[in-house]
$ cat input-v3.cif   # mmCIF, C-alpha atoms and all ligand atoms
data_coords
#
loop_
_atom_site.label_atom_id
_atom_site.label_comp_id
_atom_site.auth_asym_id
_atom_site.auth_seq_id
_atom_site.Cartn_x
_atom_site.Cartn_y
_atom_site.Cartn_z
CA MET A 1 -10.91 18.98 4.11
CA ILE A 2 -10.51 15.24 4.20
CA THR A 3 -7.41 14.17 6.07
CA VAL A 4 -5.42 10.93 6.11
CA ASN A 5 -4.39 8.71 8.97
CA GLU A 6 -0.97 10.28 9.37
CA HIS A 7 0.34 7.28 11.26
CA PHE A 8 0.65 5.59 7.86
CA LEU A 9 3.15 8.29 6.89
CA LYS A 10 5.49 7.06 9.62
CA LEU A 11 6.02 3.77 7.79
CA LYS A 12 9.64 3.73 6.71
CA ALA A 13 9.47 1.63 3.56
CA GLY A 14 7.06 -0.27 1.38
CA TYR A 15 6.00 -3.66 2.75
CA LEU A 16 9.04 -5.94 2.48
CA PHE A 17 7.86 -8.52 -0.05
CA PRO A 18 6.31 -6.15 -2.60
CA GLU A 19 9.56 -4.16 -2.34
CA ILE A 20 11.57 -7.27 -3.14
CA GLY A 21 9.13 -8.07 -5.94
CA ARG A 22 9.68 -4.59 -7.37
CA ARG A 23 13.46 -4.98 -7.36
CA VAL A 24 13.28 -8.49 -8.84
CA GLY A 25 10.81 -7.27 -11.48
CA ALA A 26 13.16 -4.47 -12.51
CA PHE A 27 16.06 -6.94 -12.74
CA ALA A 28 13.99 -9.42 -14.80
CA LYS A 29 12.92 -6.64 -17.17
CA ALA A 30 16.52 -5.59 -17.73
CA ASN A 31 17.71 -9.22 -17.94
CA PRO A 32 14.86 -11.16 -19.56
CA ASP A 33 17.02 -14.25 -20.17
CA ALA A 34 18.33 -14.57 -16.60
CA PRO A 35 16.85 -17.80 -15.16
CA LEU A 36 15.77 -16.67 -11.70
CA ILE A 37 15.43 -19.07 -8.77
CA LYS A 38 13.16 -17.66 -6.09
CA LEU A 39 13.99 -18.47 -2.48
CA GLY A 40 12.64 -15.17 -1.22
CA ILE A 41 9.06 -14.94 0.05
CA GLY A 42 8.03 -18.10 1.86
CA ASP A 43 5.50 -19.22 -0.71
CA VAL A 44 4.82 -22.91 -1.20
CA THR A 45 5.57 -24.54 -4.55
CA GLU A 46 4.09 -28.03 -4.15
CA PRO A 47 0.44 -28.39 -5.26
CA LEU A 48 -2.41 -28.97 -2.82
CA PRO A 49 -2.48 -32.52 -1.43
CA PRO A 50 -4.93 -34.82 -3.28
CA ALA A 51 -6.98 -35.38 -0.09
CA VAL A 52 -7.58 -31.61 0.12
CA CYS A 53 -8.47 -31.29 -3.56
CA GLY A 54 -10.88 -34.26 -3.30
CA ALA A 55 -12.67 -32.69 -0.34
CA MET A 56 -12.90 -29.34 -2.08
CA LEU A 57 -14.30 -30.92 -5.25
CA LYS A 58 -16.93 -32.70 -3.20
CA ALA A 59 -17.80 -29.44 -1.48
CA VAL A 60 -18.16 -27.71 -4.86
CA GLU A 61 -20.56 -30.48 -5.87
CA GLU A 62 -22.61 -29.80 -2.74
CA MET A 63 -22.68 -26.12 -3.56
CA SER A 64 -24.06 -26.91 -7.02
CA ARG A 65 -27.25 -28.55 -5.70
CA PRO A 66 -30.19 -26.72 -4.08
CA ALA A 67 -30.48 -29.26 -1.27
CA THR A 68 -26.86 -28.93 -0.16
CA PHE A 69 -26.04 -25.36 -1.18
CA ARG A 70 -24.81 -23.10 1.64
CA GLY A 71 -24.74 -19.32 1.83
CA TYR A 72 -23.13 -17.44 4.69
CA GLY A 73 -21.52 -19.76 7.17
CA PRO A 74 -20.77 -19.03 10.82
CA GLU A 75 -18.29 -16.13 11.02
CA GLN A 76 -16.15 -18.15 13.44
CA GLY A 77 -15.97 -21.15 11.11
CA TYR A 78 -17.90 -24.39 10.69
CA GLU A 79 -18.07 -26.70 13.68
CA PHE A 80 -16.62 -29.60 11.64
CA LEU A 81 -13.33 -27.73 11.13
CA ARG A 82 -13.12 -26.25 14.61
CA GLN A 83 -13.69 -29.71 16.10
CA ALA A 84 -11.03 -31.29 13.84
CA ILE A 85 -8.53 -28.61 14.92
CA ALA A 86 -9.36 -29.02 18.61
CA ASP A 87 -8.96 -32.81 18.37
CA CYS A 88 -5.99 -33.14 16.02
CA ASP A 89 -3.87 -30.07 16.72
CA TYR A 90 -4.50 -29.76 20.45
CA LYS A 91 -6.12 -32.76 22.18
CA SER A 92 -3.63 -35.08 20.48
CA ARG A 93 -0.82 -33.14 22.22
CA GLY A 94 -2.54 -33.15 25.58
CA VAL A 95 -3.73 -29.55 25.23
CA ALA A 96 -7.27 -28.52 26.08
CA VAL A 97 -8.62 -26.08 23.47
CA ARG A 98 -12.35 -26.15 22.82
CA PRO A 99 -13.88 -25.61 19.35
CA ASP A 100 -15.62 -22.44 20.54
CA GLU A 101 -12.21 -20.92 21.37
CA ILE A 102 -11.09 -21.31 17.74
CA PHE A 103 -11.77 -18.60 15.13
CA ILE A 104 -11.31 -19.65 11.49
CA SER A 105 -10.01 -16.90 9.22
CA ASP A 106 -8.43 -16.23 5.86
CA GLY A 107 -4.86 -15.94 7.11
CA ALA A 108 -2.47 -15.60 10.01
CA LYS A 109 -1.11 -12.44 8.37
CA CYS A 110 -4.54 -10.81 8.71
CA ASP A 111 -5.11 -12.17 12.21
CA THR A 112 -1.71 -11.15 13.59
CA GLY A 113 -2.22 -7.76 11.94
CA ASN A 114 -5.80 -7.28 13.16
CA ILE A 115 -5.50 -8.55 16.72
CA GLN A 116 -3.99 -5.29 17.96
CA GLU A 117 -7.37 -3.59 17.36
CA ILE A 118 -8.80 -5.09 20.55
CA PHE A 119 -6.03 -3.63 22.73
CA GLY A 120 -5.64 -0.09 24.04
CA LEU A 121 -3.51 2.36 22.09
CA ASP A 122 -1.38 3.12 25.12
CA ASN A 123 -0.09 -0.44 25.48
CA ILE A 124 3.65 -0.91 25.04
CA ILE A 125 4.38 -3.59 22.49
CA ALA A 126 7.48 -5.74 22.41
CA VAL A 127 8.77 -7.50 19.33
CA THR A 128 11.79 -9.60 18.52
CA ASP A 129 14.32 -8.04 16.20
CA PRO A 130 14.41 -9.36 13.47
CA VAL A 131 10.64 -9.76 13.21
CA TYR A 132 7.82 -10.60 10.79
CA PRO A 133 7.06 -7.02 9.61
CA VAL A 134 3.27 -7.31 9.96
CA TYR A 135 3.42 -7.11 13.77
CA VAL A 136 5.26 -3.79 13.69
CA ASP A 137 3.65 -2.13 10.68
CA THR A 138 0.09 -2.71 11.91
CA ASN A 139 0.94 -1.09 15.25
CA VAL A 140 2.50 1.86 13.42
CA MET A 141 -0.67 2.25 11.34
CA ALA A 142 -2.81 2.12 14.48
CA GLY A 143 -0.80 4.91 16.11
CA ARG A 144 0.74 2.86 18.89
CA THR A 145 4.31 3.90 18.02
CA GLY A 146 6.47 6.97 17.61
CA ALA A 147 8.37 7.95 14.49
CA GLY A 148 10.79 5.61 12.74
CA ASP A 149 14.55 6.10 12.64
CA SER A 150 16.95 5.41 9.78
CA SER A 151 17.37 1.77 10.80
CA GLY A 152 13.61 1.29 10.60
CA ARG A 153 13.02 1.17 14.37
CA TYR A 154 10.02 3.03 15.76
CA GLY A 155 9.69 4.98 18.98
CA ASN A 156 7.67 3.40 21.79
CA ILE A 157 8.30 -0.19 20.65
CA VAL A 158 10.51 -2.41 22.77
CA TYR A 159 12.79 -4.33 20.42
CA MET A 160 14.27 -7.56 21.74
CA PRO A 161 17.37 -8.43 19.73
CA CYS A 162 17.69 -12.04 18.60
CA THR A 163 21.22 -12.97 17.74
CA ALA A 164 23.34 -16.08 17.42
CA GLU A 165 24.46 -15.43 21.02
CA ASN A 166 20.95 -15.95 22.45
CA ASN A 167 20.04 -18.63 19.83
CA PHE A 168 17.58 -16.13 18.36
CA VAL A 169 15.26 -16.41 21.40
CA PRO A 170 15.03 -13.05 23.19
CA ASP A 171 15.78 -12.26 26.80
CA LEU A 172 12.99 -10.78 28.91
CA PRO A 173 12.59 -7.03 28.35
CA SER A 174 14.28 -4.70 30.79
CA ARG A 175 11.22 -2.40 31.00
CA PRO A 176 7.56 -3.39 31.48
CA VAL A 177 5.66 -4.26 28.30
CA ASP A 178 2.02 -5.19 27.70
CA LEU A 179 1.75 -6.98 24.38
CA ILE A 180 4.49 -9.38 23.33
CA TYR A 181 4.71 -10.88 19.84
CA LEU A 182 6.53 -14.21 19.69
CA CYS A 183 6.87 -16.40 16.60
CA TYR A 184 8.25 -19.93 17.00
CA PRO A 185 9.40 -21.72 14.88
CA ASN A 186 10.65 -18.31 13.95
CA ASN A 187 10.18 -16.35 10.79
CA PRO A 188 12.76 -15.20 9.70
CA THR A 189 15.57 -16.90 11.65
CA GLY A 190 14.22 -20.47 11.62
CA ALA A 191 14.99 -20.75 15.36
CA VAL A 192 12.80 -22.69 17.79
CA ALA A 193 11.96 -22.05 21.45
CA THR A 194 12.16 -24.75 24.11
CA GLN A 195 9.63 -25.49 26.87
CA GLU A 196 11.88 -23.71 29.40
CA GLN A 197 12.28 -20.62 27.23
CA LEU A 198 8.55 -20.33 26.62
CA LYS A 199 7.78 -20.92 30.30
CA LYS A 200 9.84 -17.82 31.14
CA TRP A 201 7.59 -15.79 28.84
CA VAL A 202 4.38 -17.22 30.25
CA ASP A 203 5.58 -16.46 33.77
CA TYR A 204 6.60 -12.93 32.72
CA ALA A 205 3.17 -12.30 31.18
CA LYS A 206 1.39 -13.59 34.29
CA LYS A 207 3.48 -11.45 36.60
CA ASN A 208 3.12 -8.28 34.50
CA LYS A 209 -0.51 -8.72 33.38
CA ALA A 210 0.75 -8.82 29.80
CA ILE A 211 -0.52 -10.82 26.82
CA LEU A 212 1.57 -13.06 24.56
CA LEU A 213 0.63 -13.14 20.89
CA PHE A 214 2.10 -16.47 19.81
CA ASP A 215 2.44 -17.07 16.08
CA SER A 216 3.00 -20.77 15.43
CA ALA A 217 2.31 -20.74 11.70
CA TYR A 218 5.36 -22.96 11.14
CA GLU A 219 4.74 -25.57 13.87
CA ALA A 220 4.23 -28.37 11.32
CA PHE A 221 7.90 -28.10 10.36
CA ILE A 222 9.19 -29.00 13.85
CA GLN A 223 11.25 -32.18 13.70
CA ASP A 224 12.61 -32.20 17.26
CA ASP A 225 10.07 -33.95 19.52
CA SER A 226 11.05 -31.91 22.57
CA ILE A 227 9.99 -28.58 21.00
CA PRO A 228 6.44 -27.37 21.83
CA HIS A 229 4.08 -26.90 18.88
CA SER A 230 1.69 -24.71 20.82
CA ILE A 231 2.11 -22.10 23.53
CA TYR A 232 -0.69 -23.92 25.38
CA GLU A 233 1.70 -26.82 25.98
CA ILE A 234 3.22 -24.49 28.58
CA GLU A 235 1.53 -24.53 31.98
CA GLY A 236 -0.45 -21.35 32.62
CA ALA A 237 -0.42 -20.17 28.97
CA ARG A 238 -4.21 -20.25 28.63
CA ASP A 239 -4.32 -17.32 31.04
CA VAL A 240 -1.93 -15.14 29.05
CA ALA A 241 -1.71 -16.17 25.38
CA ILE A 242 -3.47 -15.94 22.04
CA GLU A 243 -2.21 -18.35 19.38
CA PHE A 244 -2.18 -18.02 15.59
CA ARG A 245 -1.95 -20.94 13.16
CA SER A 246 -2.21 -21.28 9.43
CA PHE A 247 -2.84 -23.89 6.74
CA SER A 248 -0.71 -21.83 4.33
CA LYS A 249 2.69 -23.39 4.81
CA THR A 250 1.44 -26.58 6.50
CA ALA A 251 -0.85 -27.66 3.69
CA GLY A 252 -0.11 -25.44 0.68
CA PHE A 253 -2.95 -22.96 1.29
CA THR A 254 -1.09 -19.72 0.50
CA GLY A 255 -3.37 -19.19 -2.49
CA VAL A 256 -6.46 -20.83 -0.96
CA ARG A 257 -6.44 -18.90 2.38
CA CYS A 258 -7.35 -20.54 5.65
CA ALA A 259 -5.97 -20.06 9.14
CA PHE A 260 -7.18 -19.81 12.72
CA THR A 261 -6.69 -17.97 15.97
CA VAL A 262 -7.23 -19.42 19.43
CA VAL A 263 -8.51 -17.08 22.14
CA PRO A 264 -9.13 -19.08 25.33
CA ASP A 265 -12.09 -18.47 27.59
CA GLY A 266 -10.95 -16.70 30.71
CA LEU A 267 -8.22 -14.72 28.94
CA SER A 268 -8.62 -11.06 29.92
CA ALA A 269 -7.24 -7.59 29.44
CA TYR A 270 -8.34 -4.67 31.58
CA THR A 271 -10.23 -1.41 31.40
CA ARG A 272 -8.35 1.67 32.62
CA ASP A 273 -9.97 1.26 36.01
CA GLY A 274 -8.80 -2.35 36.25
CA GLN A 275 -11.95 -4.28 35.31
CA PRO A 276 -11.17 -7.53 33.43
CA VAL A 277 -12.70 -7.88 29.94
CA SER A 278 -12.88 -11.17 28.04
CA LEU A 279 -10.60 -11.04 25.00
CA LYS A 280 -12.55 -13.86 23.39
CA SER A 281 -15.72 -11.79 23.45
CA LEU A 282 -13.92 -8.72 22.05
CA TRP A 283 -12.30 -10.76 19.27
CA ASN A 284 -15.62 -12.43 18.50
CA ARG A 285 -17.28 -9.01 18.27
CA ARG A 286 -14.59 -7.75 15.94
CA HIS A 287 -14.63 -10.91 13.82
CA CYS A 288 -18.42 -10.86 13.37
CA THR A 289 -18.38 -7.18 12.48
CA LYS A 290 -15.58 -7.24 9.94
CA PHE A 291 -15.50 -10.79 8.58
CA ASN A 292 -18.07 -13.07 6.97
CA GLY A 293 -16.22 -16.33 7.27
CA VAL A 294 -14.01 -18.52 5.11
CA SER A 295 -15.77 -20.27 2.24
CA TYR A 296 -17.37 -23.66 2.84
CA VAL A 297 -15.29 -25.22 0.07
CA THR A 298 -12.06 -23.99 1.66
CA GLN A 299 -13.04 -25.17 5.12
CA ARG A 300 -13.86 -28.64 3.80
CA GLY A 301 -10.39 -28.65 2.19
CA ALA A 302 -8.83 -27.65 5.50
CA GLU A 303 -10.76 -30.37 7.33
CA ALA A 304 -9.24 -32.95 4.95
CA VAL A 305 -5.78 -31.93 6.15
CA TYR A 306 -6.62 -33.94 9.29
CA SER A 307 -7.79 -37.10 7.49
CA PRO A 308 -5.35 -40.07 7.53
CA GLU A 309 -4.57 -39.56 3.81
CA GLY A 310 -4.27 -35.81 4.25
CA ARG A 311 -1.83 -36.17 7.11
CA GLU A 312 0.35 -38.60 5.19
CA GLN A 313 0.38 -36.41 2.06
CA ILE A 314 1.28 -33.36 4.11
CA ARG A 315 4.01 -35.26 5.94
CA GLN A 316 5.60 -36.05 2.58
CA ILE A 317 5.41 -32.47 1.33
CA ILE A 318 6.92 -31.09 4.53
CA ALA A 319 9.67 -33.73 4.34
CA LEU A 320 10.49 -32.50 0.83
CA TYR A 321 10.79 -28.87 1.97
CA MET A 322 12.84 -29.90 4.99
CA SER A 323 15.19 -31.92 2.78
CA ASN A 324 15.69 -28.70 0.79
CA ALA A 325 16.52 -26.87 4.03
CA ALA A 326 19.03 -29.58 4.97
CA ALA A 327 20.64 -29.39 1.51
CA MET A 328 20.89 -25.60 1.81
CA ARG A 329 22.41 -25.79 5.28
CA LYS A 330 24.99 -28.32 4.07
CA ALA A 331 25.93 -26.48 0.87
CA LEU A 332 26.18 -23.06 2.55
CA GLY A 333 28.06 -24.48 5.53
CA ASP A 334 30.56 -26.13 3.17
CA LEU A 335 31.04 -22.74 1.54
CA GLY A 336 32.00 -21.30 4.93
CA TYR A 337 28.79 -19.41 5.72
CA ALA A 338 27.53 -19.41 9.31
CA VAL A 339 24.04 -20.91 8.92
CA TYR A 340 21.18 -21.04 11.40
CA GLY A 341 17.62 -22.40 11.37
CA GLY A 342 16.44 -24.80 8.69
CA THR A 343 16.21 -27.80 11.06
CA ASP A 344 12.71 -27.20 12.46
CA ALA A 345 11.53 -24.43 10.14
CA PRO A 346 11.50 -23.87 6.38
CA TYR A 347 13.88 -20.91 6.62
CA VAL A 348 17.68 -20.88 6.59
CA TRP A 349 19.24 -17.77 8.10
CA LEU A 350 22.82 -17.06 7.19
CA LYS A 351 25.45 -14.52 8.11
CA THR A 352 26.51 -12.43 5.13
CA PRO A 353 30.26 -12.20 4.44
CA ASP A 354 32.14 -9.65 6.57
CA GLY A 355 31.53 -6.10 5.40
CA VAL A 356 28.66 -7.09 3.07
CA GLY A 357 25.28 -5.68 4.16
CA SER A 358 22.02 -7.58 3.75
CA TRP A 359 20.71 -5.58 0.78
CA GLU A 360 24.16 -5.64 -0.82
CA PHE A 361 24.15 -9.44 -0.52
CA PHE A 362 20.63 -9.48 -1.98
CA ASP A 363 21.89 -7.57 -5.02
CA LEU A 364 24.98 -9.76 -5.32
CA LEU A 365 22.94 -12.98 -5.34
CA LEU A 366 20.41 -11.52 -7.76
CA GLN A 367 22.98 -10.16 -10.21
CA LYS A 368 25.61 -12.90 -10.07
CA ALA A 369 23.63 -16.05 -9.21
CA HIS A 370 20.13 -15.01 -10.28
CA VAL A 371 18.94 -16.26 -6.92
CA VAL A 372 16.34 -14.28 -4.96
CA GLY A 373 16.49 -14.30 -1.15
CA THR A 374 15.35 -11.92 1.56
CA PRO A 375 17.70 -9.41 3.20
CA GLY A 376 17.79 -9.77 6.98
CA ALA A 377 17.67 -5.99 7.39
CA GLY A 378 14.16 -6.07 5.89
CA PHE A 379 13.03 -7.80 9.11
CA GLY A 380 14.59 -5.25 11.44
CA ALA A 381 17.80 -3.53 12.43
CA ALA A 382 19.22 -6.63 14.14
CA GLY A 383 18.75 -8.53 10.86
CA GLU A 384 21.41 -6.41 9.19
CA GLY A 385 24.29 -8.65 8.17
CA TYR A 386 22.00 -11.66 7.81
CA PHE A 387 20.07 -13.14 4.91
CA ARG A 388 17.07 -15.49 4.70
CA LEU A 389 16.63 -18.29 2.18
CA SER A 390 13.30 -20.08 1.97
CA ALA A 391 13.21 -23.87 1.54
CA PHE A 392 9.97 -23.73 -0.46
CA ASN A 393 11.01 -24.80 -3.90
CA ASP A 394 11.69 -27.77 -6.10
CA PRO A 395 14.74 -29.77 -4.85
CA GLU A 396 16.41 -29.55 -8.27
CA LYS A 397 16.07 -25.75 -8.26
CA VAL A 398 17.48 -25.59 -4.72
CA LYS A 399 20.46 -27.67 -5.86
CA GLN A 400 21.03 -25.34 -8.81
CA ALA A 401 20.75 -22.29 -6.56
CA MET A 402 23.41 -23.68 -4.24
CA GLU A 403 25.70 -24.44 -7.20
CA ARG A 404 25.27 -20.91 -8.49
CA ILE A 405 26.02 -19.39 -5.07
CA ALA A 406 29.14 -21.57 -4.88
CA ALA A 407 30.26 -20.21 -8.25
CA ILE A 408 30.00 -16.50 -7.29
C1 LIG A 501 7.45 -14.78 4.48
O1 LIG A 501 8.08 -15.03 3.48
O2 LIG A 501 7.94 -14.25 5.48
C2 LIG A 501 6.02 -15.17 4.50
O3 LIG A 501 5.69 -15.89 3.39
C3 LIG A 501 5.17 -14.01 4.53
C4 LIG A 501 3.82 -14.37 4.94
O4 LIG A 501 3.52 -15.51 5.31
O5 LIG A 501 3.01 -13.46 4.94
#
$ encode --input "input-v3.cif" --output "structure tokens"
Amino acid sequence: MITVNEHFLKLKAGYLFPEIGRRVGAFAKANPDAPLIKLGIGDVTEPLPPAVCGAMLKAVEEMSRPATFRGYGPEQGYEFLRQAIADCDYKSRGVAVRPDEIFISDGAKCDTGNIQEIFGLDNIIAVTDPVYPVYVDTNVMAGRTGAGDSSGRYGNIVYMPCTAENNFVPDLPSRPVDLIYLCYPNNPTGAVATQEQLKKWVDYAKKNKAILLFDSAYEAFIQDDSIPHSIYEIEGARDVAIEFRSFSKTAGFTGVRCAFTVVPDGLSAYTRDGQPVSLKSLWNRRHCTKFNGVSYVTQRGAEAVYSPEGREQIRQIIALYMSNAAAMRKALGDLGYAVYGGTDAPYVWLKTPDGVGSWEFFDLLLQKAHVVGTPGAGFGAAGEGYFRLSAFNDPEKVKQAMERIAAI
């Protein structure tokens, strides 16, 4: 008899965004004339920058000619893109990351979900609460957790609550943990972590022989010059951290798919008898076995993100989204909501009115304002009573959404 991986049966709900899509779809079917404004899933709305499109068109041309056609590329990504990343994302900030430590992939969602495969099943993982659901769900699927409770928390995971009181940056865990997921600028709260806060985590990981999995998919949205863009800006982080980045939100690649993961040389985890094993070599082995690389055309588009024109075009697009976030913060603040985030991240995190739960607020906004957001509870138990609005939309639509919320 064929059996299933029963760990999947522990998952408490459908994946958050399809679940929201299902509810919005049902509402739209019942109310076909309701003009919905979507500030839910963080999906970009501005088109690809012209510099990216130009580079991709040129790459398509190359692919159309026998002399310049390319088949399989290197699984880890083309040297031209890895070098551009090393120079422009890292060297420019005084951080030493070599091209051969960079693995190009089709998304930070996949990478942050897949990375747990190279770690032992008996590791204790720690996540912030609220949290990007991929980190938790993939560990549930792998069998690294116990059963879930009614709030959606799973046994054997250390949850680190992030609240307004700790500025949505968690305190160190009170019991030893091995694998720590951190995301800054944070999805969903929009909070950022300072040098000092991140240093505490690097020191913790060093002392406890733990690994930090640092998701910095939203670093391009940082406006405050004192905030680190990379975990490797923190002294000692190369010895304890893996970093994930993405072109999705930075450069409008949600539908194109390109991202990368940095696994430094010298970063190790251990066999049961204490022998160090290179995580870069394990990740490389996994990557080559399960992945055949991102397309040449896409990688040429990603490379153009670092050209002078590309950078300027991206700066303008990010400024547009951040002006949306500022408008949302202002409008919601004027309405009396406690608002967080939205200054260095494309997400605004707000406290729902007293006595109104996250999903209840989701329904209220959908029914009365025809505005779609994301319930904080969907990101974890500590997200209950909060709500996330994404700044990815047209400024006029954001303005309308705020007017409709004001009129509820
Ligand atoms: C989100 O809305 O949290 C993100 O768009 C999801 C993702 O990047 O996978």
$ closest_atom_pairs --input "input-v3.cif" --of "chain A" --to "ligand LIG 501 (chain A)" --cutoff "7 Å" --atoms "only C-alpha atoms and all ligand atoms" --output "Markdown table"
| residue | atom | partner | partner_atom | distance |
| --- | --- | --- | --- | --- |
| A:Gly40 | CA | A:LIG501 | O1 | 6.6 |
| A:Ile41 | CA | A:LIG501 | O1 | 3.6 |
| A:Gly42 | CA | A:LIG501 | O1 | 3.5 |
| A:Asp43 | CA | A:LIG501 | O3 | 5.3 |
| A:Lys109 | CA | A:LIG501 | O5 | 5.5 |
| A:Tyr132 | CA | A:LIG501 | O2 | 6.4 |
| A:Asn187 | CA | A:LIG501 | O2 | 6.1 |
| A:Pro188 | CA | A:LIG501 | O2 | 6.5 |
$ residues_around --input "input-v3.cif" --residues "His370 in chain A" --least-positions-apart "3" --cutoff "8 Å" --atoms "all atoms listed in the file" --output "PyMOL selection string"
chain A and resi 34-37+365-367
$ residues_around --input "input-v3.cif" --residues "range 325-337 of chain A" --least-positions-apart "4" --cutoff "12 Å" --atoms "all atoms listed in the file" --output "MDAnalysis selection string"
chainID A and resid 39 190 221 223 318:321 341:354 385:408
$ closest_atom_pairs --input "input-v3.cif" --of "range 49-124 of chain A" --to "range 253-272 of chain A" --cutoff "7 Å" --atoms "only C-alpha atoms" --output "JSON lines"
{"residue": "A:Glu101", "atom": "CA", "partner": "A:Pro264", "partner_atom": "CA", "distance": 5.3}
{"residue": "A:Ile102", "atom": "CA", "partner": "A:Val262", "partner_atom": "CA", "distance": 4.6}
{"residue": "A:Phe103", "atom": "CA", "partner": "A:Thr261", "partner_atom": "CA", "distance": 5.2}
{"residue": "A:Ile104", "atom": "CA", "partner": "A:Phe260", "partner_atom": "CA", "distance": 4.3}
{"residue": "A:Ser105", "atom": "CA", "partner": "A:Ala259", "partner_atom": "CA", "distance": 5.1}
{"residue": "A:Asp106", "atom": "CA", "partner": "A:Cys258", "partner_atom": "CA", "distance": 4.4}
{"residue": "A:Gly107", "atom": "CA", "partner": "A:Ala259", "partner_atom": "CA", "distance": 4.7}
{"residue": "A:Ala108", "atom": "CA", "partner": "A:Ala259", "partner_atom": "CA", "distance": 5.7}
$ closest_atom_pairs --input "input-v3.cif" --of "range 230-277 of chain A" --to "range 197-214 of chain A" --cutoff "6 Å" --atoms "all atoms listed in the file" --output "tab-separated table"
residue	atom	partner	partner_atom	distance
A:Ala237	CA	A:Val202	CA	5.8
A:Val240	CA	A:Ile211	CA	5.1
A:Ala241	CA	A:Leu212	CA	4.6
A:Ile242	CA	A:Leu213	CA	5.1
A:Glu243	CA	A:Phe214	CA	4.7
$ write_last_selection --input "input-v3.cif" --atoms "C-alpha atoms" --output "PDB file, in the coordinates of the input"
ATOM      1  CA  ALA A 237      -0.420 -20.170  28.970  1.00  0.00           C
ATOM      2  CA  VAL A 240      -1.930 -15.140  29.050  1.00  0.00           C
ATOM      3  CA  ALA A 241      -1.710 -16.170  25.380  1.00  0.00           C
ATOM      4  CA  ILE A 242      -3.470 -15.940  22.040  1.00  0.00           C
ATOM      5  CA  GLU A 243      -2.210 -18.350  19.380  1.00  0.00           C
TER       6      GLU A 243
END
$ residues_around --input "input-v3.cif" --residues "Asn114 in chain A" --least-positions-apart "2" --cutoff "10 Å" --atoms "all atoms listed in the file" --output "MDAnalysis selection string"
chainID A and resid 108:112 116:118 134:135 138:139 142 283 286:287
$ closest_residue --input "input-v3.cif" --among "A:Phe379, A:Tyr296, A:Phe247, A:Tyr232" --to "Arg93 in chain A" --atoms "all atoms listed in the file"
A:Tyr232
$ closest_residue --input "input-v3.cif" --among "A:Val158, A:Leu364, A:Val305, A:Ala369" --to "Ile180 in chain A" --atoms "only C-alpha atoms"
A:Val158
$ axis_aligned_box --input "input-v3.cif" --around "range 3-10 of chain A" --padding-each-side "4 Å" --output "AutoDock Vina command-line options"
--center_x -1.0 --center_y 9.9 --center_z 8.7 --size_x 20.9 --size_y 16.6 --size_z 13.2
$ atom_distance --input "input-v3.cif" --atom1 "CA of Cys53 in chain A" --atom2 "CA of Gly301 in chain A"
6.6 Å
$ closest_residue --input "input-v3.cif" --among "A:Ala193, A:Val356, A:Leu16, A:Val297" --to "Lys58 in chain A" --atoms "all atoms listed in the file"
A:Val297
$ build_atoms --input "input-v3.cif" --residues "range 134-144 of chain A" --atoms "N, CA and C atoms" --output "mmCIF file, in the frame of the given file"
data_model
loop_
_atom_site.group_PDB
_atom_site.id
_atom_site.type_symbol
_atom_site.label_atom_id
_atom_site.label_comp_id
_atom_site.auth_asym_id
_atom_site.auth_seq_id
_atom_site.Cartn_x
_atom_site.Cartn_y
_atom_site.Cartn_z
ATOM 1 N N VAL A 134 4.703 -7.595 9.739
ATOM 2 C CA VAL A 134 3.270 -7.310 9.960
ATOM 3 C C VAL A 134 3.006 -6.843 11.395
ATOM 4 N N TYR A 135 3.680 -7.461 12.368
ATOM 5 C CA TYR A 135 3.420 -7.110 13.770
ATOM 6 C C TYR A 135 3.731 -5.629 14.007
ATOM 7 N N VAL A 136 4.838 -5.178 13.455
ATOM 8 C CA VAL A 136 5.260 -3.790 13.690
ATOM 9 C C VAL A 136 4.413 -2.825 12.864
ATOM 10 N N ASP A 137 4.307 -3.100 11.568
ATOM 11 C CA ASP A 137 3.650 -2.130 10.680
ATOM 12 C C ASP A 137 2.200 -1.874 11.092
ATOM 13 N N THR A 138 1.500 -2.921 11.548
ATOM 14 C CA THR A 138 0.090 -2.710 11.910
ATOM 15 C C THR A 138 -0.026 -1.854 13.166
ATOM 16 N N ASN A 139 0.952 -1.954 14.057
ATOM 17 C CA ASN A 139 0.940 -1.090 15.250
ATOM 18 C C ASN A 139 1.321 0.341 14.903
ATOM 19 N N VAL A 140 2.184 0.501 13.899
ATOM 20 C CA VAL A 140 2.500 1.860 13.420
ATOM 21 C C VAL A 140 1.233 2.478 12.839
ATOM 22 N N MET A 141 0.553 1.731 11.983
ATOM 23 C CA MET A 141 -0.670 2.250 11.340
ATOM 24 C C MET A 141 -1.723 2.635 12.372
ATOM 25 N N ALA A 142 -1.789 1.868 13.454
ATOM 26 C CA ALA A 142 -2.810 2.120 14.480
ATOM 27 C C ALA A 142 -2.450 3.317 15.359
ATOM 28 N N GLY A 143 -1.194 3.747 15.311
ATOM 29 C CA GLY A 143 -0.800 4.910 16.110
ATOM 30 C C GLY A 143 -0.222 4.547 17.466
ATOM 31 N N ARG A 144 0.224 3.283 17.588
ATOM 32 C CA ARG A 144 0.740 2.860 18.890
ATOM 33 C C ARG A 144 2.244 3.125 19.022
#
